[in-house]
Amino acid sequence: MATTAAPAPGQTPTAGGSYAAGEQTGIWSWLATVDHKRIGTLYLWTALSFFIVGGIEAFIIRLQLMRPNGQVVSAEVYNQLFTMHGTTMVFLVIMPLSAAFFNYLIPLQIGARDVAFPRLNAFSYWVYLFGGVFMTIPIFFGAAPNGGWFGYAPLTTMQFSGGLNIDFWVIGLQILGISSLAAAFNFITTIINMRAPGMTLMRMPIFTWMSFIVQFLLILAFPAITIALVFLQFDRFFGTQFYEIAAGADPLLWQHLFWVFGHPEVYILILPAFGLASEILPTFSKKPLFGYNVMVYSGIMIGFLGFGVWAHHMFAVGMGATADTIFSMATMLIGIPTGVKIFNWIATMWGGQIRFTVAMKFAIALVALFTIGGISGVMHSSPPTDLQQTDTYFIVAHFHYVLFGGSIMGIMGGIYFYYPKMTGRYMSEKIGNWHFWLFFIGMNLTFFPMHFSGMLGMPRRIYSYDVGQGWETFNFQSTIGVMIQGLGLILFVYNFLKSKKTGAVAPGDAWGAGTLEWSIPSPPPEYNFAQLPVVTSRYPLWDLKHPEMTAGLAHSGPDAMTVTDSHATPMHEETEYKNAADLGIPMPFPTIKPLFTALFLVLMFSGLLFIHLDLFPVALTIMIGCAAAFVGSLYGWLTSPLE
Amino acid sequence: MATAVATAGHDSHAEGHGEHVHHTSTGLENRKIAVWAFIGSECMLFASLISTYLIYKGRSRVGPWPHEWGCKTSAAVAKTRELLQGCSPADVMKPILDIPVTSQSTFVLLMSSLAMVLALAAVETKGTPLPAGAGWWDRCLASSKFWLMATAVMGATFLGYQSYEFTSFVHEGLTIKTNLFGSSFFTLTGFHGAHVTAGVLWLLTLFAIDVKRGLKGKTDVLLVDICALYWHFVDVVWIAIFTLIYLIQ
């Protein structure tokens, strides 16, 4: 597959590109790639771009609310902004940022050469990209979705939300669901079936474990929203009556279907960040993770209970004492495994030789900030309390502490931690420190005052407010906080781009970590592992390099770690600069077919829009044409050999 | 969406590592695990559809109704024709669901699962010489082409029944827009029908491969096996739908 000559041994790795494999470069190599590492990189870049988009939306929202009676945007534009901010951050930023790490890390952590279905993996990415663009584009001509990220029907039916706005949202989410589901089937198979010899389930790194749980949440939760969206699409396009109250429909149908998906979704967003923190904290504490088994079981328990708490989003609709009691208790229960995780992280750091790198600071910030968000979460698990807090800024404060303080902080830590693995260079710690402190201070200044404005009764989703209600100071503080975060984001982008060229060169084991992904060069060659490793414990590299760190642990096998010698760093240079063909490792062919399959799928869905423009023949032509093209490219894909 | 979701599963179909036999942790082939995961996801999809149907059962404001007699000019509903008072014969709406007819199509679909089992068995045993004095039935049992086609034909028959059912419902005044029953019934059974359609196309593709180069060997057994898993799943879903929607009044 790769034909370029390998650089001479000892040559400095070129920034961004791999040196070892002599991989192809250029735009075509990215469009046709089926390499999980490149797809992970694509996910990372795309999701970070959307992060900037979602951040700008948040910034405009805060500008509008900075002072009473703000005049920055109109009420209609404000509706579009908060809808797109939520939708973007949940579906186009945090989920795909997690997917970037799933892609990049899972095969490396379990000692595999790729995911189970490399081309399906490429397909997932392209569907995500096209679906994300599909949803974001209408914001430039004032037709962006405006019904909230939760899209409550009947508000989003034609009667109350005519126009194309909601169409973009409902079709866009449907498309993104396909991407997530396809990826989830892929990762489940990968984790179950592609583990290196000796990599038993209970030896898997915690990040892989949390990802594994998330994939199950995805495949079980997404169908519920898929059906809710199908009903809404049918109502909007074909005149069905699922959300038609006059016809006897239940106004809570959407809310139940949405939150049956929506609450597991919360764990889909946070568990990968928990996994990243569980990799970072042991590494920089020089101690194995405290209570590995309990970490795994608590993760499973969170995933399991996550399906039984959805109606706590609906206490205010009046479900009756029985339902309220059950969902309230289940919600309080879920605080237990989450609390266990917090204490395990603290115990991991306890007595460790802590190195305060930027990644470590982000991970510690996750522990602290998520705890605050978790505590306010348990507060609204009680229906009487929740009735006071629901639809106020208190809720906004709560979920930003768990999603920004938890997910984003964890993912940022993950980016600083794994950047050297992905690029072969470290990010600047100096700029990173500035980034961290600006984010940390800015985030607390933004979201902490929201607890107070919420308790003082400020409702969510209002586009302006009058003077004299005691909300002015808190809103002003929040806006200043967002500006500080914005500065942090700019520094991060600068650091991210610049370090690729000028960062300090990182060795394979960039941080002295213990798991398999650090046993190979940075960036890894296309085939990952020249020889598949044989694993005997949870921290194979530590067994090898720092046996004293794992010596007394029950989880280490009786024998010394036996990652094959060639994986002990530094890797043998001759092997390091060989490509897959030299080593006789079969690699999947690059192919553009998944991209076209994804493109036609998205175009097929977008044909629906023409129905609402009263161009039915056009809609039909586009949908049938694209369906045919979709089947054609799928056929071409399925009939061409993988490797 | 139905086809889109279904395709996500199909994709896995020719993926994996082809003829290279790679080490897998469980010893199972990747595609088989992916199909099981896909089926798990599909369970939730149909669970959402069936729950919606059941939640909306009896909530329609206007007829026709699934099991009850109704009247076009009034809101009267009754369990039998005799109990329906004050409705002129021209305005009477019969119960929509025709259990005898749908029982026939249900039987055909159940039998198609049997044919699918025999198709898989035929592919698995291909290459084993027939015993001496094998009759037509032994030859028939050994023919994967016959059983694949039989499964596809029975699936298509089920679809034929469904389109007859849909058409006659529309003639009786029930469309997807009429009432909550119409919306949830057509969407649920339509989703199932789309899954059967995808299955029939899958079976016909396998049949075409069988005609072209003959299905045999470990890799081909897997190809048929994952299709069979899907087919049986779609069948099981129909058993749930038939029981909950047709039989329970």
# chains A, B, ... in the order shown; residues from 1 in each chain; ligands from 1
>>> select_by_dssp(residues="stretch 48-203 of chain B", states="helix (DSSP H, G or I)", output="ChimeraX atom specification")
/B:48-56,89-91,99-124,136-141,144-171,180-203
>>> write_last_selection(atoms="C-alpha atoms", output="mmCIF file, in the first residue's frame")
data_model
loop_
_atom_site.group_PDB
_atom_site.id
_atom_site.type_symbol
_atom_site.label_atom_id
_atom_site.label_comp_id
_atom_site.auth_asym_id
_atom_site.auth_seq_id
_atom_site.Cartn_x
_atom_site.Cartn_y
_atom_site.Cartn_z
ATOM 1 C CA SER B 48 -40.212 1.947 20.866
ATOM 2 C CA LEU B 49 -42.605 1.410 17.952
ATOM 3 C CA ILE B 50 -44.660 -1.263 19.702
ATOM 4 C CA SER B 51 -44.867 0.749 22.946
ATOM 5 C CA THR B 52 -46.143 3.744 21.026
ATOM 6 C CA TYR B 53 -48.800 1.610 19.374
ATOM 7 C CA LEU B 54 -49.897 0.222 22.736
ATOM 8 C CA ILE B 55 -49.883 3.653 24.421
ATOM 9 C CA TYR B 56 -52.074 5.022 21.646
ATOM 10 C CA PRO B 89 -75.852 0.782 7.501
ATOM 11 C CA ALA B 90 -74.082 3.022 4.969
ATOM 12 C CA ASP B 91 -72.068 4.692 7.736
ATOM 13 C CA ILE B 99 -57.215 -11.864 11.745
ATOM 14 C CA PRO B 100 -57.848 -14.890 9.483
ATOM 15 C CA VAL B 101 -56.044 -13.297 6.528
ATOM 16 C CA THR B 102 -53.119 -12.105 8.617
ATOM 17 C CA SER B 103 -52.896 -15.531 10.249
ATOM 18 C CA GLN B 104 -52.181 -16.938 6.797
ATOM 19 C CA SER B 105 -49.371 -14.495 6.137
ATOM 20 C CA THR B 106 -48.026 -15.084 9.637
ATOM 21 C CA PHE B 107 -47.930 -18.815 8.921
ATOM 22 C CA VAL B 108 -46.048 -18.192 5.671
ATOM 23 C CA LEU B 109 -43.489 -16.021 7.444
ATOM 24 C CA LEU B 110 -42.975 -18.595 10.197
ATOM 25 C CA MET B 111 -42.445 -21.305 7.578
ATOM 26 C CA SER B 112 -39.882 -19.109 5.856
ATOM 27 C CA SER B 113 -37.761 -19.371 8.995
ATOM 28 C CA LEU B 114 -37.845 -23.147 8.612
ATOM 29 C CA ALA B 115 -36.711 -22.785 5.000
ATOM 30 C CA MET B 116 -33.927 -20.483 6.195
ATOM 31 C CA VAL B 117 -32.716 -23.127 8.662
ATOM 32 C CA LEU B 118 -32.676 -25.688 5.856
ATOM 33 C CA ALA B 119 -30.828 -23.277 3.555
ATOM 34 C CA LEU B 120 -28.108 -22.816 6.163
ATOM 35 C CA ALA B 121 -27.935 -26.567 6.751
ATOM 36 C CA ALA B 122 -27.611 -27.142 3.002
ATOM 37 C CA VAL B 123 -24.693 -24.707 2.768
ATOM 38 C CA GLU B 124 -23.038 -26.235 5.826
ATOM 39 C CA TRP B 136 -35.642 -36.471 -4.569
ATOM 40 C CA TRP B 137 -36.202 -35.282 -1.017
ATOM 41 C CA ASP B 138 -32.553 -35.816 -0.077
ATOM 42 C CA ARG B 139 -31.467 -33.937 -3.187
ATOM 43 C CA CYS B 140 -33.915 -31.213 -2.383
ATOM 44 C CA LEU B 141 -32.638 -30.919 1.201
ATOM 45 C CA SER B 144 -29.102 -24.389 -0.842
ATOM 46 C CA LYS B 145 -30.390 -22.607 -3.960
ATOM 47 C CA PHE B 146 -33.819 -24.142 -3.492
ATOM 48 C CA TRP B 147 -34.124 -23.179 0.166
ATOM 49 C CA LEU B 148 -32.710 -19.693 -0.288
ATOM 50 C CA MET B 149 -35.205 -19.051 -3.049
ATOM 51 C CA ALA B 150 -37.993 -20.646 -0.999
ATOM 52 C CA THR B 151 -37.228 -18.328 1.922
ATOM 53 C CA ALA B 152 -37.179 -15.296 -0.348
ATOM 54 C CA VAL B 153 -40.436 -16.318 -2.024
ATOM 55 C CA MET B 154 -42.169 -16.809 1.321
ATOM 56 C CA GLY B 155 -40.880 -13.439 2.471
ATOM 57 C CA ALA B 156 -42.198 -11.888 -0.730
ATOM 58 C CA THR B 157 -45.533 -13.640 -0.178
ATOM 59 C CA PHE B 158 -45.737 -12.069 3.251
ATOM 60 C CA LEU B 159 -45.063 -8.685 1.664
ATOM 61 C CA GLY B 160 -47.787 -9.396 -0.897
ATOM 62 C CA TYR B 161 -50.253 -10.076 1.912
ATOM 63 C CA GLN B 162 -49.133 -6.893 3.620
ATOM 64 C CA SER B 163 -49.685 -4.748 0.549
ATOM 65 C CA TYR B 164 -53.112 -6.362 0.074
ATOM 66 C CA GLU B 165 -53.852 -5.598 3.732
ATOM 67 C CA PHE B 166 -52.683 -1.992 3.439
ATOM 68 C CA THR B 167 -54.666 -1.419 0.248
ATOM 69 C CA SER B 168 -57.878 -2.836 1.665
ATOM 70 C CA PHE B 169 -57.481 -0.746 4.846
ATOM 71 C CA VAL B 170 -57.147 2.360 2.747
ATOM 72 C CA HIS B 171 -60.307 1.394 0.868
ATOM 73 C CA LEU B 180 -53.669 7.653 15.939
ATOM 74 C CA PHE B 181 -54.411 4.005 15.207
ATOM 75 C CA GLY B 182 -53.706 4.550 11.502
ATOM 76 C CA SER B 183 -50.483 6.478 12.178
ATOM 77 C CA SER B 184 -49.052 4.013 14.673
ATOM 78 C CA PHE B 185 -50.294 0.889 12.880
ATOM 79 C CA PHE B 186 -48.943 1.770 9.442
ATOM 80 C CA THR B 187 -45.655 3.038 10.841
ATOM 81 C CA LEU B 188 -45.076 -0.071 12.965
ATOM 82 C CA THR B 189 -46.068 -2.652 10.359
ATOM 83 C CA GLY B 190 -44.463 -0.556 7.623
ATOM 84 C CA PHE B 191 -41.149 -0.590 9.497
ATOM 85 C CA HIS B 192 -41.430 -4.332 9.844
ATOM 86 C CA GLY B 193 -42.306 -4.647 6.160
ATOM 87 C CA ALA B 194 -39.240 -2.599 5.252
ATOM 88 C CA HIS B 195 -37.126 -4.980 7.292
ATOM 89 C CA VAL B 196 -38.657 -7.971 5.492
ATOM 90 C CA THR B 197 -37.978 -6.246 2.164
ATOM 91 C CA ALA B 198 -34.332 -5.733 3.098
ATOM 92 C CA GLY B 199 -34.194 -9.393 4.109
ATOM 93 C CA VAL B 200 -35.699 -10.571 0.811
ATOM 94 C CA LEU B 201 -33.147 -8.503 -1.130
ATOM 95 C CA TRP B 202 -30.384 -9.953 1.029
ATOM 96 C CA LEU B 203 -31.647 -13.497 0.352
#
>>> interface_residues(of="chain A", to="chain B", cutoff="8 Å", atoms="only C-alpha atoms", output="ChimeraX atom specification")
/A:116-120,174,178,181-182,185-186,188-190,192-197,219-221,223-224,226-227,230,238-242,247-250,253,257,601,634,638-639,641-643
>>> write_last_selection(atoms="N, CA and C atoms", output="short mmCIF file (atom, residue, chain, number, x, y, z; two decimals), in the first residue's frame")
data_model
loop_
_atom_site.label_atom_id
_atom_site.label_comp_id
_atom_site.auth_asym_id
_atom_site.auth_seq_id
_atom_site.Cartn_x
_atom_site.Cartn_y
_atom_site.Cartn_z
N ALA A 116 -12.44 -3.55 13.81
CA ALA A 116 -12.94 -4.75 13.15
C ALA A 116 -13.36 -4.47 11.71
N PHE A 117 -13.98 -3.32 11.46
CA PHE A 117 -14.47 -3.00 10.12
C PHE A 117 -13.94 -1.63 9.71
N PRO A 118 -12.74 -1.60 9.13
CA PRO A 118 -12.10 -0.30 8.85
C PRO A 118 -12.93 0.59 7.93
N ARG A 119 -13.59 0.00 6.94
CA ARG A 119 -14.32 0.85 5.98
C ARG A 119 -15.62 1.36 6.58
N LEU A 120 -16.26 0.55 7.42
CA LEU A 120 -17.45 1.02 8.13
C LEU A 120 -17.08 2.20 9.02
N GLN A 174 -31.19 12.53 12.64
CA GLN A 174 -31.38 11.18 12.10
C GLN A 174 -30.09 10.70 11.44
N ILE A 178 -27.22 7.55 12.54
CA ILE A 178 -26.67 6.46 11.72
C ILE A 178 -25.17 6.36 11.94
N LEU A 181 -24.47 4.86 15.42
CA LEU A 181 -24.80 3.44 15.51
C LEU A 181 -23.77 2.60 14.76
N ALA A 182 -23.43 3.03 13.54
CA ALA A 182 -22.47 2.26 12.75
C ALA A 182 -21.15 2.16 13.51
N PHE A 185 -21.46 -0.39 16.55
CA PHE A 185 -21.36 -1.81 16.19
C PHE A 185 -19.90 -2.19 15.96
N ASN A 186 -19.19 -1.26 15.33
CA ASN A 186 -17.80 -1.48 15.01
C ASN A 186 -16.95 -1.62 16.27
N ILE A 188 -17.91 -2.24 19.40
CA ILE A 188 -18.27 -3.40 20.22
C ILE A 188 -17.54 -4.63 19.69
N THR A 189 -17.63 -4.81 18.36
CA THR A 189 -16.95 -5.97 17.76
C THR A 189 -15.45 -5.89 17.99
N THR A 190 -14.89 -4.69 17.82
CA THR A 190 -13.44 -4.54 17.99
C THR A 190 -13.02 -4.95 19.40
N ILE A 192 -14.66 -6.70 21.70
CA ILE A 192 -14.93 -8.10 22.06
C ILE A 192 -13.92 -9.02 21.37
N ASN A 193 -13.58 -8.70 20.14
CA ASN A 193 -12.96 -9.71 19.29
C ASN A 193 -11.51 -9.47 18.88
N MET A 194 -11.00 -8.27 19.06
CA MET A 194 -9.69 -7.98 18.48
C MET A 194 -8.60 -7.80 19.54
N ARG A 195 -8.86 -8.22 20.77
CA ARG A 195 -7.87 -8.01 21.82
C ARG A 195 -6.63 -8.88 21.59
N ALA A 196 -5.47 -8.34 21.93
CA ALA A 196 -4.23 -9.09 21.79
C ALA A 196 -4.24 -10.28 22.74
N PRO A 197 -3.40 -11.29 22.44
CA PRO A 197 -3.35 -12.44 23.33
C PRO A 197 -3.05 -12.00 24.77
N ILE A 219 -26.02 1.86 21.29
CA ILE A 219 -26.89 1.00 20.47
C ILE A 219 -28.25 0.80 21.12
N LEU A 220 -28.33 0.94 22.45
CA LEU A 220 -29.62 0.73 23.08
C LEU A 220 -30.42 2.03 23.23
N ALA A 221 -29.74 3.17 23.28
CA ALA A 221 -30.46 4.43 23.50
C ALA A 221 -30.85 5.10 22.18
N PRO A 223 -31.91 4.01 19.25
CA PRO A 223 -33.16 3.66 18.56
C PRO A 223 -34.37 4.43 19.10
N ALA A 224 -34.39 4.76 20.40
CA ALA A 224 -35.55 5.47 20.94
C ALA A 224 -35.68 6.85 20.30
N THR A 226 -34.35 7.69 17.46
CA THR A 226 -34.60 7.46 16.03
C THR A 226 -36.09 7.37 15.78
N ILE A 227 -36.79 6.60 16.61
CA ILE A 227 -38.23 6.44 16.43
C ILE A 227 -38.96 7.76 16.72
N VAL A 230 -38.50 9.75 13.72
CA VAL A 230 -39.29 9.23 12.60
C VAL A 230 -40.73 9.72 12.73
N PHE A 238 -45.61 13.80 6.20
CA PHE A 238 -46.65 12.95 5.63
C PHE A 238 -47.99 13.04 6.34
N GLY A 239 -48.12 13.94 7.30
CA GLY A 239 -49.43 14.18 7.89
C GLY A 239 -49.91 13.14 8.89
N THR A 240 -49.00 12.39 9.51
CA THR A 240 -49.44 11.48 10.58
C THR A 240 -49.79 12.30 11.83
N GLN A 241 -50.28 11.63 12.86
CA GLN A 241 -50.84 12.37 14.00
C GLN A 241 -50.18 12.04 15.33
N PHE A 242 -48.92 11.56 15.28
CA PHE A 242 -48.29 11.11 16.52
C PHE A 242 -48.26 12.19 17.60
N ALA A 247 -55.99 15.17 17.98
CA ALA A 247 -56.40 13.83 17.58
C ALA A 247 -56.29 12.83 18.72
N GLY A 248 -55.94 13.31 19.90
CA GLY A 248 -55.85 12.42 21.06
C GLY A 248 -54.44 12.02 21.43
N ALA A 249 -53.44 12.59 20.75
CA ALA A 249 -52.05 12.20 21.01
C ALA A 249 -51.63 12.62 22.42
N ASP A 250 -50.64 11.90 22.94
CA ASP A 250 -50.14 12.16 24.29
C ASP A 250 -49.03 13.21 24.20
N LEU A 253 -45.50 11.88 24.84
CA LEU A 253 -44.86 10.81 24.08
C LEU A 253 -43.44 11.19 23.69
N LEU A 257 -39.88 9.37 24.91
CA LEU A 257 -38.96 8.76 23.94
C LEU A 257 -37.64 9.51 23.92
N LEU A 601 -26.09 8.97 1.08
CA LEU A 601 -27.06 8.78 2.16
C LEU A 601 -27.56 10.12 2.67
N LEU A 634 -22.63 1.30 -2.25
CA LEU A 634 -22.57 0.26 -1.22
C LEU A 634 -22.21 -1.08 -1.86
N LEU A 638 -19.06 -3.34 -0.95
CA LEU A 638 -19.15 -4.67 -0.39
C LEU A 638 -18.49 -5.73 -1.28
N THR A 639 -18.40 -5.43 -2.58
CA THR A 639 -17.84 -6.44 -3.47
C THR A 639 -16.34 -6.26 -3.69
N PRO A 641 -12.44 -6.23 -2.39
CA PRO A 641 -11.75 -6.87 -1.27
C PRO A 641 -11.19 -5.83 -0.30
N LEU A 642 -11.12 -6.22 0.98
CA LEU A 642 -10.67 -5.29 2.01
C LEU A 642 -9.18 -5.07 1.95
N GLU A 643 -8.41 -6.14 1.80
CA GLU A 643 -6.96 -5.97 1.87
C GLU A 643 -6.26 -6.83 0.82
#
>>> closest_residue(among="A:Val266, A:Ile408, A:Leu491, A:Met329", to="A:Lys430", atoms="only C-alpha atoms")
A:Leu491
>>> closest_residue(among="A:Leu164, A:Gln80, A:Ile585, A:Gly55", to="A:Ser606", atoms="only C-alpha atoms")
A:Leu164
>>> residues_around(residues="A:Met549", least_positions_apart="4", cutoff="8 Å", atoms="only C-alpha atoms", output="mmCIF file with N, CA and C atoms, in the first residue's frame")
data_model
loop_
_atom_site.group_PDB
_atom_site.id
_atom_site.type_symbol
_atom_site.label_atom_id
_atom_site.label_comp_id
_atom_site.auth_asym_id
_atom_site.auth_seq_id
_atom_site.Cartn_x
_atom_site.Cartn_y
_atom_site.Cartn_z
ATOM 1 N N LYS A 286 2.148 8.200 39.252
ATOM 2 C CA LYS A 286 3.057 7.056 39.323
ATOM 3 C C LYS A 286 2.490 5.962 40.215
ATOM 4 N N LYS A 287 1.202 5.722 40.084
ATOM 5 C CA LYS A 287 0.566 4.651 40.853
ATOM 6 C C LYS A 287 -0.488 4.006 39.970
ATOM 7 N N PRO A 288 -0.643 2.702 40.073
ATOM 8 C CA PRO A 288 -1.754 2.092 39.336
ATOM 9 C C PRO A 288 -3.084 2.662 39.833
ATOM 10 N N TRP A 542 4.752 -0.843 32.706
ATOM 11 C CA TRP A 542 5.321 -0.628 34.040
ATOM 12 C C TRP A 542 5.964 -1.912 34.561
ATOM 13 N N ASP A 543 5.310 -3.041 34.262
ATOM 14 C CA ASP A 543 5.924 -4.305 34.666
ATOM 15 C C ASP A 543 7.324 -4.409 34.085
#
>>> select_by_dssp(residues="stretch 5-249 of chain B", states="strand (DSSP E)", output="list in words")
Trp69, Gly70, Cys71, Val77, Ala78, Val92 and Met93 of chain B
>>> write_last_selection(atoms="N, CA and C atoms", output="compact mmCIF listing (two decimals), in the first residue's frame")
# COMPACT_ATOMS: atom_id res chain seq x y z
N TRP B 69 -66.46 -1.87 16.18
CA TRP B 69 -67.32 -1.31 15.14
C TRP B 69 -67.47 0.18 15.40
N GLY B 70 -67.51 0.97 14.35
CA GLY B 70 -67.66 2.41 14.52
C GLY B 70 -68.65 2.97 13.53
N CYS B 71 -68.87 4.27 13.65
CA CYS B 71 -69.85 4.94 12.81
C CYS B 71 -69.23 6.21 12.25
N VAL B 77 -68.92 3.75 19.37
CA VAL B 77 -68.02 2.61 19.21
C VAL B 77 -68.67 1.43 19.91
N ALA B 78 -68.56 0.23 19.33
CA ALA B 78 -69.14 -0.93 19.99
C ALA B 78 -68.35 -2.17 19.66
N VAL B 92 -71.66 2.48 8.67
CA VAL B 92 -70.99 1.57 9.61
C VAL B 92 -69.54 1.31 9.18
N MET B 93 -68.61 1.38 10.17
CA MET B 93 -67.22 1.03 9.89
C MET B 93 -66.90 -0.30 10.57
>>> atom_distance(atom1="atom CA of A:Val402", atom2="atom CA of A:Phe274")
11.2 Å
>>> closest_residue(among="A:Phe492, A:Tyr243, A:Phe59, A:Phe207", to="A:Ser278", atoms="only C-alpha atoms")
A:Phe207
>>> atom_distance(atom1="atom CA of A:Ile56", atom2="atom CA of A:Gly147")
19.1 Å
>>> atom_distance(atom1="atom CA of A:Gln255", atom2="atom CA of A:Asp235")
15.9 Å
